[in-house]
Amino acid sequence: MYRSHTCGELRAASIGEDVTLAGWVQKIRNQGFMIWVDLRDRYGVTQLIFDEERTSSDILKEAEGLGREFVIQVKGKVIERVSKNPQMPTGDIEILVSEFNLLNPSLTPPFTIENETDGGEELRMKYRYLDIRRNPVKENLMFRHKVGMQVRNYLSQQGFLEVETPYLIKSTPEGARDFVVPSRMNEGQFYALPQSPQTFKQLLMVGGMDKYFQIVKCFRDEDLRADRQPEFTQIDCEMAFVEQEDILNVFEGLTKHLLKEIKGVETGNFPRMTHAEAMQKYGNDKPDIRFGMEFGELNKLAQGKGFNVFDQQELIIGIAVPGAAGYTRKEIDALIEWVKRPQIGANGLIWAKYNDDGTLKSSVDKFYSQEDLLGWAQTVGAKVGDLILVMGGDTNTTRVQLSALRMYLATRLGLRDPKVFAPLWVVDFPLLEWDEETKRFHAMHHPFTSPKPEDIELLKTEPAKVRANAYDLVLNGNEIGGGSIRIHDKETQAMMFEYLGFTDQEAKEQFGFLMNAFEYGAPPHGGIAFGFDRLVAILGGQETIRDYIAFPKNNAGRDVMIDAPAKLDDAQLKELHLQVKI
Ligand code: ASP
C-alpha cells in the first residue's frame, strides 16, 4: 500500500495513529537538529518532522539528502504540532517519520511550484506537468471536471444520451479550414477532423436518438487569435421534435443550473434580443449587458447643421460614458488616438461634456446649440457628469468601432464585474452573410440552418434580409453557445446549397449522405453547441481558456511541451503517399 491517507486529509482527531503518506517534497526546512518537510499531493500539504532525538540517524540522513519535488513515501505517527498553522487544513498535526522510502528523485524544477511562480508562460507550457502541480492550475482542472459533471448530470436527468461521433470524417463546412489526415490505405485520400459533430448529430436525430449530447473535441484550422485553440471542446447538443422555443428553454435550464450549482447565482429568465437590435444598441452580436452605455442614433439631430463631416455619413451614433465629464483634454485625446489605431480604424471622435451645471461643452460647439447637444444627451441617455462620445461613418463599421470603444471604457471604468452574470439570448440571426473576398453569400451559422419560413420568399429578392431560426447564448460579452433549427427536408437543403453556390454535383459529393438520410423520415430537429472551455473560464472568473486546459497550445498553435507540429521522416511520408516529388 503506497498510502493510507492523502496529504490533505489528516486532522487532530487522528493524533496517535500510524499512517503512510506519499507525495512530492514541497519545502524543506533544515534546522540541523530538526528537519521539517512539507509533503504535497493533489489533496493538500502535510508537514513531516524528522529530529535527532526521535528519528533514526539513517532516516535523518535520507531527509538531509532531499530536494524539491522528490517523490517519497513515509510511515510515521500523527502527532500534535507545537506551533499550529491555522492557514493549513492539516495545520494542527505533523507526522513523526519512522520509515522512509525514496520513490524517485527530481531535478531542480525550472520554476517554483508555488501559487505565485517565477516561471514565464512559455517555460510553464514546456513543463506543463510541473505547472499542473501548482494549486491555481490544479484547481482549474478540478473546476473544469466539476462543470463537466454538472453538465452530464443535468442533461442525463433530462433524458439526453451522450453518444460519441467519429473524429476521422469528411469535412464539415462550418466556416473554418479543416485539419486533414492522410489515409495510408487510400492513396491520395484524406480524412478531415471534425469542426464539430454537426452532420453526425443530425444523423443521430434521423436515427431516432431524439436527445443527444456530447462533450467533444472539435478542430478548426483558423488563423490564430489570442486565446483561440486549434482544438477545443464543445458541449454539443441536438433534439428532435422541437421548435426554437423548446431548445431555448432546455438550454436556459442548463445554464441556470450551472450558474446556481457552480456559482450560487440565481438568475431570472434570460432576456432575448434580436440580432438586429443587438447590432443597433451595442454594435455587437454578443453584447455585454452588465452595464448600459447603449448606442443612441444621432443622424436626425446631428445632420443638416453645417458640420460637413457628419452630413456625409451614413450613421452617427454616440454613447454616454458615466461620470467621465471631468476627463481632461489629454485623456480625451488619448481616447481619440485609441480609436484611430489600425486595430479600430476610426477617423476620430466628437465629444460633449455634460457639465454639473447642466450645460454642455463639446468639440463642435461651432455647429451645435445647447439645445442640439441636450438632444444628443437625451438620445444617448447621458446624465449630468457624463461624457458623450460620438462617431460617424458607414453603418456596420461605425457600430463595430463604437462597440470596441464601449467595451474598452467599460473595462477601464470597472463596469465588467466578473462576479455579475448577465446572460441573454440573441435570436433571429441573418441566414446569410456577404463575403467581400469571394463575392458570395455564405451561411452565417452553417448551411444546415433553416431560414424563417416567413422569410423564404426574400431569398430570391433580398437574400441579406432573410432571417434564420438561429440563436446564440451570450454571457458577459462572450458567445458561450450557438445553434439553430435545422433544415430537415431534401428540397430546402438542396435549395440552400444552391444559394450558397454549390453545384448539384458538389452538393451530392459533399453532402449526399445527409440528403439521402433526409429521404428516410428525418424528424424536425435543432440544437446548440456550447464552447466548453470558454464557459468554464467565465464561470471560473477568468477569461483565458488556456488556464483551464490541461495541455494547451501556445499562440502560434504549437504544443511546446511535445514540440508539435513536427516533421515526419521520409519512410512515414512515403507510406502516406506524401512524398514531395522533386
Ligand atoms: N455545430 C454548431 C457549431 O459548432 C452548433 C450547432 O449548430 O449546434 O457552432
# chains A, B, ... in the order shown; residues from 1 in each chain; ligands from 1
>>> closest_atom_pairs(of="chain A", to="ligand 1", cutoff="10 Å", atoms="only C-alpha atoms and all ligand atoms", output="CSV")
residue,atom,partner,partner_atom_place_in_ligand_line,distance
A:Thr172,CA,ligand 1,1 (N),9.1
A:Pro173,CA,ligand 1,1 (N),9.6
A:Glu174,CA,ligand 1,4 (O),7.1
A:Gly175,CA,ligand 1,9 (O),9.6
A:Pro194,CA,ligand 1,4 (O),9.6
A:Gln195,CA,ligand 1,4 (O),6.8
A:Ser196,CA,ligand 1,4 (O),5.0
A:Pro197,CA,ligand 1,1 (N),6.5
A:Gln198,CA,ligand 1,1 (N),4.6
A:Thr199,CA,ligand 1,1 (N),8.2
A:Phe200,CA,ligand 1,1 (N),10.0
A:Lys201,CA,ligand 1,8 (O),8.6
A:Gln202,CA,ligand 1,8 (O),9.3
A:Cys218,CA,ligand 1,4 (O),8.2
A:Thr233,CA,ligand 1,4 (O),10.0
A:Gln234,CA,ligand 1,4 (O),7.6
A:Ile235,CA,ligand 1,8 (O),9.3
A:Asp236,CA,ligand 1,8 (O),6.4
A:Cys237,CA,ligand 1,8 (O),6.4
A:Glu238,CA,ligand 1,8 (O),6.8
A:Met239,CA,ligand 1,8 (O),9.9
A:His445,CA,ligand 1,9 (O),6.9
A:His446,CA,ligand 1,7 (O),7.1
A:Pro447,CA,ligand 1,7 (O),9.7
A:Phe448,CA,ligand 1,7 (O),8.1
A:Thr449,CA,ligand 1,7 (O),7.4
A:Ala470,CA,ligand 1,7 (O),8.1
A:Tyr471,CA,ligand 1,7 (O),9.0
A:Asp472,CA,ligand 1,9 (O),9.4
A:Gly481,CA,ligand 1,9 (O),7.5
A:Gly482,CA,ligand 1,5 (C),5.5
A:Gly483,CA,ligand 1,7 (O),3.6
A:Ser484,CA,ligand 1,7 (O),5.2
A:Ile485,CA,ligand 1,7 (O),8.0
A:Arg486,CA,ligand 1,7 (O),8.2
A:Gly526,CA,ligand 1,8 (O),7.3
A:Gly527,CA,ligand 1,8 (O),4.6
A:Ile528,CA,ligand 1,8 (O),3.5
A:Ala529,CA,ligand 1,5 (C),4.4
A:Phe530,CA,ligand 1,5 (C),7.6
A:Gly531,CA,ligand 1,4 (O),8.3
>>> select_by_dssp(residues="segment 3-184 of chain A", states="helix (DSSP H, G or I)", output="count of residues only")
44
>>> residues_around(residues="Arg11 of chain A", least_positions_apart="3", cutoff="7 Å", atoms="only C-alpha atoms", output="count of residues only")
4
>>> closest_residue(among="A:Leu315, A:Val19, A:Leu535, A:Val151", to="Arg3 of chain A", atoms="only C-alpha atoms")
A:Val19
>>> closest_residue(among="A:Gln73, A:Leu301, A:Asp18, A:Leu66", to="Trp36 of chain A", atoms="only C-alpha atoms")
A:Leu66
>>> atom_distance(atom1="atom CA of Lys77 of chain A", atom2="atom CA of Ile59 of chain A")
14.6 Å
>>> closest_residue(among="A:Ser4, A:Thr359, A:Lys84, A:Pro182", to="Leu168 of chain A", atoms="only C-alpha atoms")
A:Pro182
